[in-house]
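Pasting target.txt here (compact mmCIF, C-alpha atoms):
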```
# COMPACT_ATOMS: atom_id res chain seq x y z
CA MET A 705 -8.85 6.23 -38.03
CA ASN A 706 -11.32 6.30 -35.17
CA ALA A 707 -12.87 9.79 -34.83
CA LEU A 708 -13.42 11.05 -31.32
CA VAL A 709 -16.90 11.21 -29.83
CA VAL A 710 -17.38 12.69 -26.35
CA SER A 711 -20.41 12.35 -24.10
CA THR A 712 -21.18 13.89 -20.72
CA THR A 713 -23.47 12.37 -18.09
CA ARG A 714 -24.15 12.51 -14.37
CA LEU A 715 -23.72 9.24 -12.53
CA ASN A 716 -23.83 8.64 -8.77
CA GLY A 717 -23.11 12.30 -8.04
CA PHE A 718 -20.21 12.46 -10.50
CA VAL A 719 -20.04 14.42 -13.73
CA VAL A 720 -18.61 11.93 -16.23
CA VAL A 721 -16.98 12.98 -19.49
CA THR A 722 -16.42 9.95 -21.73
CA PRO A 723 -14.24 10.24 -24.82
CA ALA A 724 -14.44 7.35 -27.28
CA GLY A 725 -11.93 6.99 -30.11
CA GLU A 726 -8.66 8.76 -30.79
CA VAL A 727 -7.55 11.66 -28.61
CA ASP A 728 -5.01 13.41 -30.82
CA LEU A 729 -4.52 16.80 -32.48
CA VAL A 730 -7.97 16.59 -34.06
CA GLY A 731 -9.75 15.33 -30.92
CA LYS A 732 -8.01 17.57 -28.39
CA PRO A 733 -10.31 20.61 -28.79
CA LEU A 734 -13.42 18.44 -28.56
CA LEU A 735 -12.36 16.74 -25.32
CA TYR A 736 -11.14 19.94 -23.69
CA GLY A 737 -14.25 21.81 -24.83
CA CYS A 738 -16.53 19.16 -23.34
CA VAL A 739 -14.67 19.29 -20.03
CA ARG A 740 -14.95 23.08 -19.93
CA ALA A 741 -18.67 22.88 -20.74
CA ALA A 742 -19.21 20.24 -18.05
CA LEU A 743 -17.50 22.43 -15.46
CA ARG A 744 -19.60 25.40 -16.57
CA THR A 745 -22.94 23.61 -16.43
CA HIS A 746 -22.43 21.18 -13.53
CA HIS A 747 -21.32 23.19 -10.51
CA GLU A 748 -20.85 20.36 -8.04
CA GLY A 749 -19.49 16.85 -7.82
CA LEU A 750 -16.27 15.24 -8.88
CA LEU A 751 -15.52 15.51 -12.60
CA VAL A 752 -14.42 12.14 -13.97
CA ILE A 753 -12.86 11.65 -17.39
CA GLU A 754 -13.63 8.01 -18.15
CA LEU A 755 -11.06 6.81 -20.68
CA SER A 756 -11.88 3.12 -21.23
CA ALA A 757 -13.14 3.74 -24.78
CA VAL A 758 -10.03 5.67 -25.87
CA THR A 759 -8.32 3.71 -28.65
CA PHE A 760 -5.33 6.03 -29.13
CA MET A 761 -3.77 8.97 -27.30
CA ASP A 762 -0.73 11.03 -28.26
CA ALA A 763 0.96 14.12 -26.80
CA GLN A 764 -1.97 16.30 -27.88
CA GLY A 765 -4.33 14.02 -25.98
CA LEU A 766 -2.14 14.30 -22.89
CA SER A 767 -2.21 18.06 -23.37
CA ALA A 768 -6.03 17.95 -23.35
CA LEU A 769 -5.92 16.13 -20.02
CA VAL A 770 -3.45 18.62 -18.53
CA LEU A 771 -5.50 21.60 -19.75
CA SER A 772 -8.65 19.99 -18.36
CA ARG A 773 -7.00 19.49 -14.97
CA ARG A 774 -5.80 23.10 -14.90
CA HIS A 775 -9.25 24.35 -15.81
CA ALA A 776 -10.82 22.25 -13.05
CA VAL A 777 -8.32 23.58 -10.49
CA ARG A 778 -9.07 27.17 -11.55
CA HIS A 779 -12.74 26.44 -10.90
CA GLN A 780 -11.94 24.78 -7.57
CA ARG A 781 -13.16 21.41 -8.76
CA ALA A 782 -11.65 17.98 -8.37
CA LEU A 783 -10.91 15.95 -11.49
CA ALA A 784 -10.09 12.25 -11.71
CA LEU A 785 -9.29 9.83 -14.50
CA ALA A 786 -11.04 6.46 -14.60
CA GLY A 787 -10.91 3.41 -16.84
CA VAL A 788 -7.42 4.36 -17.96
CA PRO A 789 -6.21 1.96 -20.68
CA ASP A 790 -2.74 0.48 -20.23
CA ALA A 791 -1.32 2.46 -23.16
CA VAL A 792 -2.58 5.75 -21.72
CA ARG A 793 -1.35 4.79 -18.25
CA ARG A 794 2.08 4.16 -19.77
CA LEU A 795 2.06 7.61 -21.41
CA LEU A 796 1.20 9.19 -18.07
CA GLN A 797 4.05 7.32 -16.42
CA ILE A 798 6.79 8.03 -18.97
CA THR A 799 5.87 11.73 -19.08
CA ALA A 800 5.79 11.91 -15.25
CA LEU A 801 2.16 13.07 -15.39
CA SER A 802 0.69 10.16 -13.45
CA SER A 803 1.32 11.96 -10.14
CA SER A 804 -0.61 14.98 -11.45
CA PHE A 805 -3.89 13.06 -11.72
CA THR A 806 -6.09 11.10 -9.38
CA LEU A 807 -6.67 7.68 -10.97
CA MET A 808 -9.78 5.93 -9.73
CA ALA A 809 -11.29 2.50 -10.13
CA TRP A 810 -14.43 2.51 -12.20
CA PRO A 811 -17.28 0.04 -12.35
```
Now that the file is in, can you turn its structure into structure tokens?
Amino acid sequence: MNALVVSTTRLNGFVVVTPAGEVDLVGKPLLYGCVRAALRTHHEGLLVIELSAVTFMDAQGLSALVLSRRHAVRHQRALALAGVPDAVRRLLQITALSSSFTLMAWP
């Protein structure tokens, strides 16, 4: 088991939320809470959820992404996913959620 740790930084004008570990039922509230806090405290710039350090994601993790996107839209902010691991990309595709998110290349 790889507990979730989430950090938030500003980089090149972006607000970057970086989850590391498993995004599941236990990690969902932490990720979503960090996104909400980032939107509350950083009032400008694209919000990027950088997923390269995610080791596992299930339906609850996908739910955290969907809730985060909805929250960003309500606050008139753009949200993008970056560093999306192949397994997470596959989940987005088979659930038809990939068209709901902007996927961006990340350094």
10 Å contact set for Lys732 (chain A), only C-alpha atoms, chain neighbours under 6 positions out, as a ChimeraX atom specification: /A:708,726,761-769,771
From the options A:Thr722, A:Ser772, A:Gln780, A:Ser711, which residue's atoms come nearest to Ser756 (chain A), counting all atoms listed in the file? A:Thr722
Please provide as a PDB file with C-alpha atoms, in the frame of the given file all residues within 10 Å of Thr806 (chain A), with the sequence filter that same-chain residues fewer than 3 positions apart are discarded (counting all atoms listed in the file).
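Full text of selection_31.pdb as output:
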```pdb
ATOM      1  CA  VAL A 752     -14.420  12.140 -13.970  1.00  0.00           C
ATOM      2  CA  ALA A 782     -11.650  17.980  -8.370  1.00  0.00           C
ATOM      3  CA  LEU A 783     -10.910  15.950 -11.490  1.00  0.00           C
ATOM      4  CA  ALA A 784     -10.090  12.250 -11.710  1.00  0.00           C
ATOM      5  CA  LEU A 785      -9.290   9.830 -14.500  1.00  0.00           C
ATOM      6  CA  ALA A 786     -11.040   6.460 -14.600  1.00  0.00           C
ATOM      7  CA  SER A 802       0.690  10.160 -13.450  1.00  0.00           C
ATOM      8  CA  SER A 803       1.320  11.960 -10.140  1.00  0.00           C
TER       9      SER A 803
END
```
I'd like the interatomic distance between CA of Gly749 (chain A) and CA of Val720 (chain A), to a tenth of an Å.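 Atom-to-atom, CA of Gly749 (chain A) to CA of Val720 (chain A), that is 9.8 Å.
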Once you count all atoms listed in the file, which residues end up no further than 12 Å from (-23.8, 22.1, -8.0) in the file's frame, shown as a list of chain:residue names?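 Residues lying no farther than 12 Å from the given point: A:Arg714, A:Gly717, A:Phe718, A:Val719, A:Ala742, A:Leu743, A:Arg744, A:Thr745, A:His746, A:His747, A:Glu748, A:Gly749, A:Leu750, A:Leu751, A:Arg781.
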Could you please determine the separation between CA of Val710 (chain A) and CA of Cys738 (chain A) in Å, to one decimal place?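 Going from CA of Val710 (chain A) over to CA of Cys738 (chain A) covers 7.2 Å.
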Between CA of Arg774 (chain A) and CA of Gly737 (chain A), distance in Å (one decimal):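 That distance, rounded to one decimal, is 13.1 Å.
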For Gly787 (chain A): contacts at 7 Å, all atoms listed in the file, fewer than 2 positions along chain excluded, given as a PyMOL selection string: chain A and resi 754-756+789+809-810
Nearest to Ile753 (chain A), chosen from A:Asn706, A:Ser804, A:Thr799, A:Thr712, with only C-alpha atoms counted in the distances: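 With only C-alpha atoms as the atom set, the closest residue is A:Thr712.
Close contacts of Leu801 (chain A), defined as residues with an atom at most 10 Å away when counting only C-alpha atoms, with chain neighbours fewer than 4 positions off set aside, comprise Leu766, Leu769, Val770, Arg793, Arg794, Leu795, Leu796, Gln797 and Phe805 of chain A.
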Could you please fill out region 720-740 of chain A with N, CA and C atoms and send it back as an mmCIF file, in the frame of the given file?
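Saved the output as selection25.cif:
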```cif
data_model
loop_
_atom_site.group_PDB
_atom_site.id
_atom_site.type_symbol
_atom_site.label_atom_id
_atom_site.label_comp_id
_atom_site.auth_asym_id
_atom_site.auth_seq_id
_atom_site.Cartn_x
_atom_site.Cartn_y
_atom_site.Cartn_z
ATOM 1 N N VAL A 720 -19.484 12.852 -15.503
ATOM 2 C CA VAL A 720 -18.610 11.930 -16.230
ATOM 3 C C VAL A 720 -18.501 12.364 -17.689
ATOM 4 N N VAL A 721 -17.271 12.657 -18.101
ATOM 5 C CA VAL A 721 -16.980 12.980 -19.490
ATOM 6 C C VAL A 721 -16.314 11.738 -20.081
ATOM 7 N N THR A 722 -16.900 11.202 -21.151
ATOM 8 C CA THR A 722 -16.420 9.950 -21.730
ATOM 9 C C THR A 722 -16.014 10.143 -23.184
ATOM 10 N N PRO A 723 -14.703 10.218 -23.431
ATOM 11 C CA PRO A 723 -14.240 10.240 -24.820
ATOM 12 C C PRO A 723 -14.170 8.819 -25.360
ATOM 13 N N ALA A 724 -14.524 8.650 -26.622
ATOM 14 C CA ALA A 724 -14.440 7.350 -27.280
ATOM 15 C C ALA A 724 -13.774 7.556 -28.630
ATOM 16 N N GLY A 725 -12.671 6.853 -28.859
ATOM 17 C CA GLY A 725 -11.930 6.990 -30.110
ATOM 18 C C GLY A 725 -10.547 7.524 -29.865
ATOM 19 N N GLU A 726 -10.034 8.269 -30.831
ATOM 20 C CA GLU A 726 -8.660 8.760 -30.790
ATOM 21 C C GLU A 726 -8.600 10.173 -30.218
ATOM 22 N N VAL A 727 -7.763 10.340 -29.193
ATOM 23 C CA VAL A 727 -7.550 11.660 -28.610
ATOM 24 C C VAL A 727 -6.189 12.133 -29.104
ATOM 25 N N ASP A 728 -6.225 12.930 -30.158
ATOM 26 C CA ASP A 728 -5.010 13.410 -30.820
ATOM 27 C C ASP A 728 -5.199 14.889 -31.154
ATOM 28 N N LEU A 729 -4.429 15.397 -32.085
ATOM 29 C CA LEU A 729 -4.520 16.800 -32.480
ATOM 30 C C LEU A 729 -5.940 17.182 -32.887
ATOM 31 N N VAL A 730 -6.611 16.306 -33.594
ATOM 32 C CA VAL A 730 -7.970 16.590 -34.060
ATOM 33 C C VAL A 730 -8.979 16.503 -32.907
ATOM 34 N N GLY A 731 -8.803 15.540 -32.014
ATOM 35 C CA GLY A 731 -9.750 15.330 -30.920
ATOM 36 C C GLY A 731 -9.533 16.208 -29.708
ATOM 37 N N LYS A 732 -8.333 16.760 -29.567
ATOM 38 C CA LYS A 732 -8.010 17.570 -28.390
ATOM 39 C C LYS A 732 -9.026 18.666 -28.112
ATOM 40 N N PRO A 733 -9.365 19.526 -29.091
ATOM 41 C CA PRO A 733 -10.310 20.610 -28.790
ATOM 42 C C PRO A 733 -11.690 20.104 -28.364
ATOM 43 N N LEU A 734 -12.118 18.987 -28.922
ATOM 44 C CA LEU A 734 -13.420 18.440 -28.560
ATOM 45 C C LEU A 734 -13.432 17.978 -27.109
ATOM 46 N N LEU A 735 -12.420 17.217 -26.700
ATOM 47 C CA LEU A 735 -12.360 16.740 -25.320
ATOM 48 C C LEU A 735 -12.259 17.904 -24.348
ATOM 49 N N TYR A 736 -11.325 18.808 -24.589
ATOM 50 C CA TYR A 736 -11.140 19.940 -23.690
ATOM 51 C C TYR A 736 -12.398 20.812 -23.655
ATOM 52 N N GLY A 737 -13.020 21.024 -24.791
ATOM 53 C CA GLY A 737 -14.250 21.810 -24.830
ATOM 54 C C GLY A 737 -15.375 21.178 -24.034
ATOM 55 N N CYS A 738 -15.482 19.863 -24.108
ATOM 56 C CA CYS A 738 -16.530 19.160 -23.340
ATOM 57 C C CYS A 738 -16.265 19.235 -21.841
ATOM 58 N N VAL A 739 -15.010 19.152 -21.447
ATOM 59 C CA VAL A 739 -14.670 19.290 -20.030
ATOM 60 C C VAL A 739 -15.021 20.695 -19.541
ATOM 61 N N ARG A 740 -14.640 21.698 -20.312
ATOM 62 C CA ARG A 740 -14.950 23.080 -19.930
ATOM 63 C C ARG A 740 -16.463 23.286 -19.819
#
```
